[in-house]
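Coordinates as given in query18.txt (compact mmCIF, C-alpha atoms):
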```
# COMPACT_ATOMS: atom_id res chain seq x y z
CA MET A 1 16.73 14.11 28.27
CA SER A 2 18.01 15.52 24.98
CA LEU A 3 15.59 16.93 22.47
CA SER A 4 16.13 14.20 19.91
CA LYS A 5 15.81 11.49 22.55
CA SER A 6 12.45 12.82 23.70
CA LYS A 7 11.36 13.13 20.06
CA LYS A 8 12.15 9.44 19.59
CA LEU A 9 10.22 8.49 22.71
CA ILE A 10 7.22 10.57 21.64
CA GLU A 11 7.21 8.93 18.20
CA PHE A 12 7.60 5.44 19.67
CA THR A 13 4.82 5.83 22.22
CA SER A 14 2.40 7.43 19.76
CA GLY A 15 2.99 4.59 17.29
CA PHE A 16 2.40 2.07 20.07
CA ARG A 17 -0.71 3.93 21.27
CA ASP A 18 -2.22 4.33 17.78
CA GLU A 19 -1.87 0.58 17.24
CA LEU A 20 -3.81 -0.30 20.42
CA PRO A 21 -7.38 0.12 19.06
CA ILE A 22 -6.46 -2.22 16.18
CA LEU A 23 -5.54 -4.92 18.69
CA ILE A 24 -9.20 -5.39 19.64
CA GLY A 25 -9.58 -7.03 16.26
CA VAL A 26 -6.15 -8.65 16.05
CA ILE A 27 -6.11 -10.48 19.39
CA PRO A 28 -9.24 -12.61 18.74
CA PHE A 29 -7.88 -13.31 15.25
CA GLY A 30 -4.58 -14.57 16.69
CA MET A 31 -6.44 -16.80 19.14
CA ILE A 32 -8.57 -18.26 16.35
CA PHE A 33 -5.43 -18.93 14.34
CA ALA A 34 -4.01 -20.91 17.27
CA ILE A 35 -7.24 -22.88 17.67
CA LEU A 36 -7.39 -23.71 13.95
CA ALA A 37 -3.71 -24.72 14.05
CA HIS A 38 -4.42 -27.03 16.97
CA GLN A 39 -7.40 -28.55 15.14
CA ALA A 40 -5.28 -29.04 12.00
CA GLY A 41 -2.84 -31.12 14.04
CA LEU A 42 0.00 -28.63 14.52
CA SER A 43 1.97 -28.89 17.74
CA PHE A 44 2.20 -26.04 20.24
CA LEU A 45 5.73 -25.32 19.04
CA GLU A 46 4.84 -25.40 15.32
CA ALA A 47 1.95 -22.98 15.77
CA GLN A 48 4.00 -20.52 17.83
CA ALA A 49 6.94 -20.82 15.41
CA MET A 50 4.63 -19.99 12.51
CA SER A 51 3.50 -16.79 14.27
CA LEU A 52 7.13 -15.88 14.93
CA VAL A 53 8.65 -16.76 11.56
CA VAL A 54 5.84 -16.08 9.07
CA PHE A 55 4.11 -13.37 11.16
CA ALA A 56 1.29 -12.70 8.64
CA GLY A 57 -2.21 -13.65 9.77
CA SER A 58 -4.11 -14.42 6.58
CA SER A 59 -1.33 -16.64 5.17
CA GLN A 60 -1.06 -18.46 8.51
CA PHE A 61 -4.80 -19.21 8.36
CA MET A 62 -4.40 -20.56 4.86
CA LEU A 63 -1.33 -22.63 5.78
CA VAL A 64 -3.04 -24.42 8.67
CA GLN A 65 -6.12 -25.08 6.53
CA LEU A 66 -3.89 -26.62 3.85
CA ALA A 67 -1.97 -28.58 6.50
CA GLY A 68 -5.28 -29.94 7.81
CA MET A 69 -6.13 -31.12 4.28
CA ASN A 70 -2.68 -32.78 3.93
CA SER A 71 -1.86 -30.58 0.93
CA PRO A 72 1.47 -31.09 -0.83
CA ILE A 73 4.23 -28.90 0.56
CA ILE A 74 4.71 -27.11 -2.76
CA VAL A 75 1.05 -25.96 -2.68
CA MET A 76 1.48 -24.70 0.89
CA ILE A 77 4.62 -22.74 -0.01
CA ALA A 78 3.17 -21.31 -3.23
CA THR A 79 -0.08 -20.25 -1.51
CA GLY A 80 1.67 -18.68 1.46
CA PHE A 81 4.07 -16.86 -0.84
CA ILE A 82 1.35 -15.50 -3.14
CA ILE A 83 -0.83 -14.27 -0.27
CA ASN A 84 2.19 -12.47 1.17
CA LEU A 85 3.36 -10.87 -2.09
CA ARG A 86 1.33 -7.79 -1.15
CA HIS A 87 4.11 -6.95 1.32
CA ILE A 88 6.25 -5.96 -1.69
CA LEU A 89 3.68 -3.23 -2.35
CA TYR A 90 3.77 -2.13 1.28
CA SER A 91 7.57 -2.14 1.15
CA ALA A 92 7.52 0.02 -1.99
CA SER A 93 4.99 2.40 -0.48
CA ILE A 94 6.90 2.91 2.78
CA SER A 95 10.41 2.92 1.22
CA PRO A 96 10.60 6.70 0.51
CA PHE A 97 10.37 7.25 4.28
CA THR A 98 12.94 4.61 5.29
CA LYS A 99 15.47 5.44 2.54
CA ASN A 100 18.03 7.13 4.78
CA LEU A 101 17.92 4.69 7.68
CA SER A 102 20.80 2.36 8.59
CA SER A 103 20.70 -1.28 7.47
CA PRO A 104 19.83 -2.69 10.93
CA TRP A 105 16.82 -0.36 11.06
CA LYS A 106 15.73 -1.54 7.61
CA PHE A 107 16.06 -5.21 8.59
CA ILE A 108 14.07 -4.74 11.80
CA LEU A 109 11.31 -2.56 10.34
CA SER A 110 10.91 -4.99 7.42
CA TYR A 111 10.20 -7.81 9.86
CA LEU A 112 7.51 -5.64 11.50
CA LEU A 113 5.82 -4.68 8.19
CA THR A 114 2.33 -6.17 8.58
CA ASP A 115 -1.06 -5.02 7.22
CA GLU A 116 -2.01 -3.43 10.52
CA ALA A 117 1.34 -1.78 11.36
CA TYR A 118 1.65 -0.55 7.77
CA ALA A 119 -1.84 0.99 7.67
CA VAL A 120 -1.32 2.94 10.88
CA THR A 121 2.25 3.96 10.02
CA ILE A 122 1.71 5.13 6.44
CA SER A 123 -1.05 7.54 7.43
CA HIS A 124 1.24 9.00 10.12
CA PHE A 125 4.21 9.20 7.72
CA ASN A 126 2.12 11.05 5.15
CA LYS A 127 1.33 13.88 7.58
CA SER A 128 4.34 14.02 9.93
CA SER A 129 7.60 15.80 9.18
CA ASN A 130 9.36 14.57 12.32
CA SER A 131 12.87 13.34 11.49
CA GLU A 132 12.56 10.53 14.04
CA LYS A 133 9.30 9.12 12.72
CA HIS A 134 10.76 5.66 12.07
CA TRP A 135 10.40 5.28 15.86
CA TYR A 136 6.65 5.54 15.32
CA PHE A 137 6.82 2.55 12.93
CA LEU A 138 8.85 0.64 15.56
CA GLY A 139 6.25 1.39 18.27
CA ALA A 140 3.31 0.36 16.11
CA GLY A 141 5.19 -2.74 14.88
CA ILE A 142 6.17 -3.90 18.36
CA ALA A 143 2.62 -3.43 19.70
CA LEU A 144 1.27 -5.60 16.90
CA TRP A 145 4.08 -8.15 17.12
CA GLY A 146 3.70 -8.64 20.87
CA SER A 147 -0.07 -9.00 20.69
CA TRP A 148 0.16 -11.49 17.80
CA GLN A 149 2.65 -13.70 19.67
CA LEU A 150 0.72 -13.50 22.95
CA SER A 151 -2.67 -14.12 21.35
CA THR A 152 -1.26 -17.17 19.53
CA TRP A 153 0.08 -18.46 22.83
CA PHE A 154 -3.17 -17.69 24.64
CA GLY A 155 -5.24 -19.40 21.94
CA LEU A 156 -3.04 -22.48 22.20
CA ILE A 157 -3.57 -22.62 25.96
CA LEU A 158 -7.33 -22.16 25.66
CA GLY A 159 -7.35 -24.76 22.90
CA THR A 160 -10.82 -25.66 21.74
CA GLN A 161 -12.62 -23.84 24.51
CA ILE A 162 -13.68 -21.03 22.15
CA PRO A 163 -16.54 -22.33 20.01
CA ALA A 164 -16.39 -21.57 16.27
CA ASN A 165 -19.93 -20.17 16.36
CA TRP A 166 -18.72 -17.13 18.24
CA SER A 167 -17.70 -15.82 14.80
CA LEU A 168 -14.60 -14.18 16.24
CA ASP A 169 -12.93 -14.34 12.81
CA PHE A 170 -15.24 -11.47 11.81
CA THR A 171 -13.14 -9.12 13.98
CA LEU A 172 -10.48 -9.20 11.24
CA ALA A 173 -12.91 -7.98 8.58
CA LEU A 174 -14.04 -5.23 10.99
CA THR A 175 -10.43 -4.25 11.76
CA PHE A 176 -9.70 -3.90 8.07
CA ILE A 177 -12.90 -1.88 7.57
CA ALA A 178 -11.82 0.47 10.37
CA LEU A 179 -8.40 0.89 8.71
CA LEU A 180 -9.66 1.11 5.14
CA VAL A 181 -12.61 3.50 5.26
CA PRO A 182 -10.73 6.58 6.59
CA MET A 183 -8.14 6.10 3.80
CA ILE A 184 -10.79 6.74 1.14
CA LYS A 185 -10.79 10.51 0.83
CA ASP A 186 -11.60 11.15 -2.83
CA ARG A 187 -13.18 9.72 -5.94
CA PRO A 188 -10.09 7.84 -7.23
CA GLY A 189 -9.70 6.22 -3.79
CA LEU A 190 -13.32 5.13 -3.75
CA PHE A 191 -13.02 3.87 -7.29
CA ALA A 192 -9.91 1.82 -6.40
CA ALA A 193 -11.70 0.32 -3.37
CA LEU A 194 -14.88 -0.62 -5.22
CA THR A 195 -13.00 -2.09 -8.18
CA ALA A 196 -10.70 -4.19 -5.98
CA GLY A 197 -13.67 -5.33 -3.89
CA ILE A 198 -15.90 -6.28 -6.80
CA ILE A 199 -13.09 -8.05 -8.70
CA SER A 200 -12.21 -10.01 -5.54
CA LEU A 201 -15.83 -11.20 -5.32
CA LEU A 202 -15.84 -12.23 -8.98
CA THR A 203 -12.56 -14.14 -8.68
CA VAL A 204 -13.04 -15.56 -5.17
CA ASN A 205 -12.97 -19.19 -6.32
CA LEU A 206 -9.58 -18.99 -8.04
CA PRO A 207 -6.96 -21.31 -6.55
CA TYR A 208 -4.02 -20.24 -4.39
CA LYS A 209 -5.56 -16.92 -3.43
CA LEU A 210 -4.80 -15.50 -6.88
CA ASP A 211 -7.99 -13.48 -6.44
CA LEU A 212 -6.22 -11.24 -3.93
CA ILE A 213 -3.42 -10.36 -6.36
CA ILE A 214 -5.71 -9.85 -9.38
CA ALA A 215 -8.19 -7.72 -7.41
CA THR A 216 -5.41 -5.58 -5.90
CA ILE A 217 -3.82 -4.85 -9.27
CA ALA A 218 -7.25 -4.06 -10.77
CA GLY A 219 -7.96 -1.68 -7.89
CA ILE A 220 -4.64 0.17 -8.33
CA ILE A 221 -5.20 0.49 -12.10
CA ALA A 222 -8.75 1.76 -11.48
CA GLY A 223 -7.49 4.37 -9.01
CA VAL A 224 -4.76 5.62 -11.36
CA TRP A 225 -7.22 5.71 -14.28
CA SER A 226 -9.80 7.61 -12.25
CA GLU A 227 -7.18 10.18 -11.17
CA LYS A 228 -6.47 11.00 -14.81
CA GLN A 229 -10.11 11.69 -15.64
CA MET B 1 11.65 -32.27 9.62
CA ASN B 2 8.08 -32.59 8.42
CA SER B 3 6.29 -30.50 5.78
CA ILE B 4 4.93 -28.04 8.38
CA TRP B 5 8.43 -26.99 9.42
CA TYR B 6 9.55 -26.66 5.81
CA SER B 7 6.55 -24.51 4.93
CA ILE B 8 7.01 -22.35 8.05
CA PHE B 9 10.62 -21.54 7.20
CA ILE B 10 10.31 -21.24 3.43
CA VAL B 11 7.13 -19.10 3.56
CA GLY B 12 8.73 -17.14 6.40
CA ILE B 13 11.85 -16.36 4.38
CA LEU B 14 9.88 -15.49 1.23
CA THR B 15 7.56 -13.24 3.23
CA TYR B 16 10.50 -11.50 4.88
CA LEU B 17 12.16 -10.91 1.50
CA SER B 18 8.87 -9.42 0.19
CA ARG B 19 8.81 -7.05 3.17
CA LEU B 20 12.48 -6.15 2.79
CA SER B 21 12.44 -5.73 -1.02
CA PHE B 22 11.89 -2.00 -1.62
CA ILE B 23 12.88 -0.90 1.88
CA PHE B 24 16.31 -2.40 1.23
CA LEU B 25 16.67 -1.39 -2.42
CA SER B 26 15.23 2.13 -2.23
CA ASP B 27 18.58 3.95 -2.04
CA ARG B 28 20.06 1.79 -4.79
CA ILE B 29 17.37 2.15 -7.43
CA LYS B 30 15.40 5.17 -8.63
CA ILE B 31 11.62 5.01 -8.68
CA HIS B 32 9.81 7.33 -11.07
CA PRO B 33 7.60 9.93 -9.30
CA ARG B 34 4.63 8.80 -11.38
CA ILE B 35 4.98 5.32 -9.87
CA TYR B 36 5.17 6.81 -6.37
CA ARG B 37 1.80 8.43 -6.95
CA THR B 38 0.20 5.04 -7.57
CA PHE B 39 1.40 3.82 -4.15
CA ARG B 40 -1.43 5.53 -2.31
CA PHE B 41 -3.88 3.10 -3.91
CA ILE B 42 -1.99 0.05 -2.61
CA PRO B 43 -3.45 -0.20 0.92
CA ILE B 44 -6.92 0.77 -0.32
CA ALA B 45 -6.92 -1.94 -3.01
CA VAL B 46 -5.41 -4.69 -0.83
CA LEU B 47 -7.71 -4.09 2.14
CA SER B 48 -10.81 -3.90 -0.11
CA ALA B 49 -9.84 -7.15 -1.82
CA ILE B 50 -9.59 -8.84 1.60
CA VAL B 51 -12.70 -7.25 3.15
CA PHE B 52 -15.34 -7.73 0.41
CA PRO B 53 -15.23 -11.56 0.32
CA GLU B 54 -15.21 -11.64 4.13
CA LEU B 55 -18.57 -9.86 4.15
CA ILE B 56 -20.15 -12.33 1.77
CA HIS B 57 -18.60 -15.60 2.88
CA ASN B 58 -17.78 -17.10 6.22
CA THR B 59 -13.98 -17.67 6.30
CA THR B 60 -14.24 -21.02 8.00
CA SER B 61 -16.84 -22.39 5.55
CA GLN B 62 -16.00 -20.89 2.15
CA ASN B 63 -19.21 -21.43 0.23
CA SER B 64 -21.91 -20.32 2.63
CA PHE B 65 -23.49 -16.92 2.11
CA SER B 66 -23.88 -15.06 5.37
CA GLU B 67 -26.55 -12.37 5.58
CA PRO B 68 -25.64 -11.28 9.13
CA ARG B 69 -22.02 -10.65 8.07
CA LEU B 70 -23.06 -8.59 5.08
CA ILE B 71 -25.50 -6.40 7.02
CA ALA B 72 -23.18 -5.97 10.04
CA GLY B 73 -20.28 -5.23 7.67
CA VAL B 74 -22.14 -2.57 5.70
CA ILE B 75 -23.27 -0.84 8.90
CA ALA B 76 -19.68 -1.05 10.23
CA ILE B 77 -18.50 0.67 7.03
CA LEU B 78 -21.00 3.49 7.68
CA ILE B 79 -19.86 3.76 11.32
CA ALA B 80 -16.20 3.86 10.26
CA TRP B 81 -17.00 6.53 7.66
CA ARG B 82 -18.96 8.78 10.05
CA THR B 83 -16.83 8.37 13.19
CA LYS B 84 -13.35 7.18 12.03
CA ASN B 85 -13.32 5.36 15.40
CA VAL B 86 -11.61 1.95 15.30
CA ILE B 87 -12.88 0.64 18.65
CA LEU B 88 -16.46 1.71 17.95
CA THR B 89 -16.37 0.14 14.47
CA ILE B 90 -15.14 -3.23 15.76
CA THR B 91 -17.33 -3.47 18.88
CA ALA B 92 -20.50 -2.21 17.16
CA GLY B 93 -19.84 -4.55 14.21
CA MET B 94 -19.49 -7.59 16.49
CA ALA B 95 -22.56 -6.61 18.55
CA LEU B 96 -24.58 -6.25 15.34
CA LEU B 97 -23.34 -9.59 14.02
CA TYR B 98 -24.45 -11.36 17.21
CA LEU B 99 -27.85 -9.65 17.18
CA LEU B 100 -28.44 -10.46 13.51
CA GLN B 101 -27.30 -14.07 13.92
CA PHE B 102 -29.69 -14.39 16.84
CA PHE B 103 -32.68 -12.98 14.96
CA LEU B 104 -31.99 -14.37 11.48
CA ASN B 105 -30.74 -17.84 12.35
CA HIS B 106 -33.12 -18.83 15.10
```
Taking this structure as input, can you express it in the form of structure tokens?
Amino acid sequence: MSLSKSKKLIEFTSGFRDELPILIGVIPFGMIFAILAHQAGLSFLEAQAMSLVVFAGSSQFMLVQLAGMNSPIIVMIATGFIINLRHILYSASISPFTKNLSSPWKFILSYLLTDEAYAVTISHFNKSSNSEKHWYFLGAGIALWGSWQLSTWFGLILGTQIPANWSLDFTLALTFIALLVPMIKDRPGLFAALTAGIISLLTVNLPYKLDLIIATIAGIIAGVWSEKQ
Amino acid sequence: MNSIWYSIFIVGILTYLSRLSFIFLSDRIKIHPRIYRTFRFIPIAVLSAIVFPELIHNTTSQNSFSEPRLIAGVIAILIAWRTKNVILTITAGMALLYLLQFFLNH
């Protein structure tokens, strides 16, 4: 095996491996999505297609809730779009590392750019100087993609056999805590986190998940401001 | 086609374009280094904005305050901070939630 080939394999497998602990939180979340979709009246095919085409957990939750309430289609589209606007920020943040890749790579990695794959990948990108590190992103992305599709499918098969009072949706909050806390390494980071968190609590009743956007922007501004002090 | 299929494909396309945006445009446009420095706050701010409400409210019933979630969440934050261990944070957090629900709700 050539040196660059083994470098690619090492990057791919370490991305895949680093994503595995996250899956403990993601798999129950995917199953709950499928159960909620079933309860909201979506067919097997519609629920699986949503996981394949949209492939973004929190917006999928919101979409099936809105579908269950018979919301107008324009509200569903606007809400899903606004919740997923944060991916523009992820795309901006990861773009310096993907700048020199070919177009097919960019199209594939963009599809795999989720909260969980992004969080694991960006911390690796910030410390690795390996020229093949986009393979790490691919490994992490595929691990998450496969588990999301399979857990949707599994949840659809199990149907309503998982009671809501198991509180399995809490695994998502815990997954995000496990990803978030190690990222906070200094005062500006802590300041950004607390500001975004507190603003999101104050704005939680705003329609169409606007709270997420407002709180995120406030957190970024707070972090930048704190860095200048 | 019903409204579900329309929303799946339109939200799917819009989400994909959001993901593609800067990754695709990065070699065509120049981003100022000062803007790059703000990027490190992006994941911190987004994840905090998602996590905080989850600790106060139950996702499936928006308006109910949940003490077990808040306590389990705060302890999970401490575990994540001390150990940086993802598996431990998630399993200990769930175990705590079940214990607290058992003792506080019964």
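Separating CA of Leu212 (chain A) from CA of Ser200 (chain A) is a distance of 6.3 Å.
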Report task. Mind checking which residues fall within 12 Å of region 125-133 of chain A, counting all atoms listed in the file, ignoring those fewer than 6 positions away in the same chain, and posting them as JSON, numbers by chain? Result -> {"A": [3, 4, 5, 6, 7, 8, 9, 10, 11, 12, 13, 14, 15, 93, 94, 95, 96, 97, 98, 100, 101, 117, 118, 119, 139, 140, 183], "B": [39, 40]}
Query - Within 10 Å of region 47-51 of chain A using all atoms listed in the file, minus same-chain residues under 6 positions, as a list of chain:residue names - result: A:Gly30, A:Phe33, A:Ala34, A:Ile35, A:Leu36, A:Ala37, A:His38, A:Gly41, A:Gly57, A:Gln60, A:Leu63, A:Val64, A:Trp145, A:Trp148, A:Gln149, A:Leu150, A:Ser151, A:Thr152, A:Trp153, A:Leu156, B:Ile4, B:Trp5, B:Ser7, B:Ile8, B:Phe9, B:Val11, B:Gly12
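Considering the residues A:Ile177, A:Ile142, A:Ile74, A:Val53 and counting all atoms listed in the file, Ala80 (chain B) has its shortest atom-to-atom contact with A:Ile177.
CA of Ile31 (chain B) is positioned 25.6 Å from CA of Ala49 (chain B).
In terms of minimum interatomic distance to Thr216 (chain A), A:Leu89 ranks closest within A:Leu89, A:Val120, A:Leu174, A:Leu179, counting all atoms listed in the file.
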Report task. Could you list, as a VMD selection string, the residues of chain B having an atom within 6 Å of chain A when counting only C-alpha atoms? Result -> chain B and resid 3 7 to 8 11 to 12 15 18 to 20 22 to 23 26 to 27 39 41 44 to 46 48 to 49 51 to 53 80 to 81 86 to 87 90
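Separating CA of Tyr136 (chain A) from CA of Ile13 (chain B) is a distance of 25.0 Å.
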Pick out the residues sitting within 10 Å of Leu104 (chain B), and hand them over as a PDB file with C-alpha atoms, keeping the file's coordinate frame; count all atoms listed in the file, and ignore anything fewer than 5 positions along from it in its own chain.
```
ATOM      1  CA  GLU B  67     -26.550 -12.370   5.580  1.00  0.00           C
ATOM      2  CA  PRO B  68     -25.640 -11.280   9.130  1.00  0.00           C
ATOM      3  CA  TYR B  98     -24.450 -11.360  17.210  1.00  0.00           C
ATOM      4  CA  LEU B  99     -27.850  -9.650  17.180  1.00  0.00           C
TER       5      LEU B  99
END
```
Could you rebuild region 123-150 of chain A with N, CA and C atoms and give it back as an mmCIF file, keeping the file's coordinate frame?
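result34.cif, written as the output of this step:
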```cif
data_model
loop_
_atom_site.group_PDB
_atom_site.id
_atom_site.type_symbol
_atom_site.label_atom_id
_atom_site.label_comp_id
_atom_site.auth_asym_id
_atom_site.auth_seq_id
_atom_site.Cartn_x
_atom_site.Cartn_y
_atom_site.Cartn_z
ATOM 1 N N SER A 123 -0.238 6.325 7.319
ATOM 2 C CA SER A 123 -1.050 7.540 7.430
ATOM 3 C C SER A 123 -0.339 8.567 8.324
ATOM 4 N N HIS A 124 0.437 8.089 9.297
ATOM 5 C CA HIS A 124 1.240 9.000 10.120
ATOM 6 C C HIS A 124 2.390 9.595 9.288
ATOM 7 N N PHE A 125 3.073 8.751 8.522
ATOM 8 C CA PHE A 125 4.210 9.200 7.720
ATOM 9 C C PHE A 125 3.792 10.267 6.705
ATOM 10 N N ASN A 126 2.578 10.103 6.168
ATOM 11 C CA ASN A 126 2.120 11.050 5.150
ATOM 12 C C ASN A 126 1.846 12.434 5.713
ATOM 13 N N LYS A 127 1.627 12.553 7.038
ATOM 14 C CA LYS A 127 1.330 13.880 7.580
ATOM 15 C C LYS A 127 2.387 14.421 8.539
ATOM 16 N N SER A 128 3.334 13.561 8.974
ATOM 17 C CA SER A 128 4.340 14.020 9.930
ATOM 18 C C SER A 128 5.642 14.396 9.246
ATOM 19 N N SER A 129 6.296 15.432 9.742
ATOM 20 C CA SER A 129 7.600 15.800 9.180
ATOM 21 C C SER A 129 8.715 15.564 10.197
ATOM 22 N N ASN A 130 8.386 14.875 11.285
ATOM 23 C CA ASN A 130 9.360 14.570 12.320
ATOM 24 C C ASN A 130 10.483 13.688 11.764
ATOM 25 N N SER A 131 11.736 14.087 12.036
ATOM 26 C CA SER A 131 12.870 13.340 11.490
ATOM 27 C C SER A 131 13.043 11.977 12.159
ATOM 28 N N GLU A 132 12.413 11.794 13.303
ATOM 29 C CA GLU A 132 12.560 10.530 14.040
ATOM 30 C C GLU A 132 11.341 9.635 13.865
ATOM 31 N N LYS A 133 10.586 9.813 12.774
ATOM 32 C CA LYS A 133 9.300 9.120 12.720
ATOM 33 C C LYS A 133 9.404 7.621 12.480
ATOM 34 N N HIS A 134 10.621 7.124 12.152
ATOM 35 C CA HIS A 134 10.760 5.660 12.070
ATOM 36 C C HIS A 134 10.522 5.009 13.437
ATOM 37 N N TRP A 135 10.703 5.798 14.516
ATOM 38 C CA TRP A 135 10.400 5.280 15.860
ATOM 39 C C TRP A 135 8.905 5.014 16.022
ATOM 40 N N TYR A 136 8.090 5.761 15.298
ATOM 41 C CA TYR A 136 6.650 5.540 15.320
ATOM 42 C C TYR A 136 6.338 4.150 14.726
ATOM 43 N N PHE A 137 6.967 3.860 13.592
ATOM 44 C CA PHE A 137 6.820 2.550 12.930
ATOM 45 C C PHE A 137 7.223 1.443 13.907
ATOM 46 N N LEU A 138 8.368 1.651 14.602
ATOM 47 C CA LEU A 138 8.850 0.640 15.560
ATOM 48 C C LEU A 138 7.818 0.410 16.667
ATOM 49 N N GLY A 139 7.254 1.502 17.196
ATOM 50 C CA GLY A 139 6.250 1.390 18.270
ATOM 51 C C GLY A 139 5.013 0.641 17.817
ATOM 52 N N ALA A 140 4.506 1.021 16.644
ATOM 53 C CA ALA A 140 3.310 0.360 16.110
ATOM 54 C C ALA A 140 3.618 -1.115 15.819
ATOM 55 N N GLY A 141 4.798 -1.367 15.235
ATOM 56 C CA GLY A 141 5.190 -2.740 14.880
ATOM 57 C C GLY A 141 5.336 -3.630 16.097
ATOM 58 N N ILE A 142 5.953 -3.096 17.157
ATOM 59 C CA ILE A 142 6.170 -3.900 18.360
ATOM 60 C C ILE A 142 4.834 -4.188 19.060
ATOM 61 N N ALA A 143 3.935 -3.207 19.086
ATOM 62 C CA ALA A 143 2.620 -3.430 19.700
ATOM 63 C C ALA A 143 1.906 -4.581 18.986
ATOM 64 N N LEU A 144 1.957 -4.561 17.657
ATOM 65 C CA LEU A 144 1.270 -5.600 16.900
ATOM 66 C C LEU A 144 1.983 -6.946 17.055
ATOM 67 N N TRP A 145 3.306 -6.923 17.007
ATOM 68 C CA TRP A 145 4.080 -8.150 17.120
ATOM 69 C C TRP A 145 3.825 -8.853 18.452
ATOM 70 N N GLY A 146 3.908 -8.072 19.538
ATOM 71 C CA GLY A 146 3.700 -8.640 20.870
ATOM 72 C C GLY A 146 2.306 -9.229 21.009
ATOM 73 N N SER A 147 1.301 -8.507 20.517
ATOM 74 C CA SER A 147 -0.070 -9.000 20.690
ATOM 75 C C SER A 147 -0.315 -10.234 19.831
ATOM 76 N N TRP A 148 0.327 -10.310 18.663
ATOM 77 C CA TRP A 148 0.160 -11.490 17.800
ATOM 78 C C TRP A 148 0.783 -12.730 18.446
ATOM 79 N N GLN A 149 1.986 -12.562 19.019
ATOM 80 C CA GLN A 149 2.650 -13.700 19.670
ATOM 81 C C GLN A 149 1.851 -14.140 20.908
ATOM 82 N N LEU A 150 1.439 -13.153 21.721
ATOM 83 C CA LEU A 150 0.720 -13.500 22.950
ATOM 84 C C LEU A 150 -0.648 -14.100 22.652
#
```
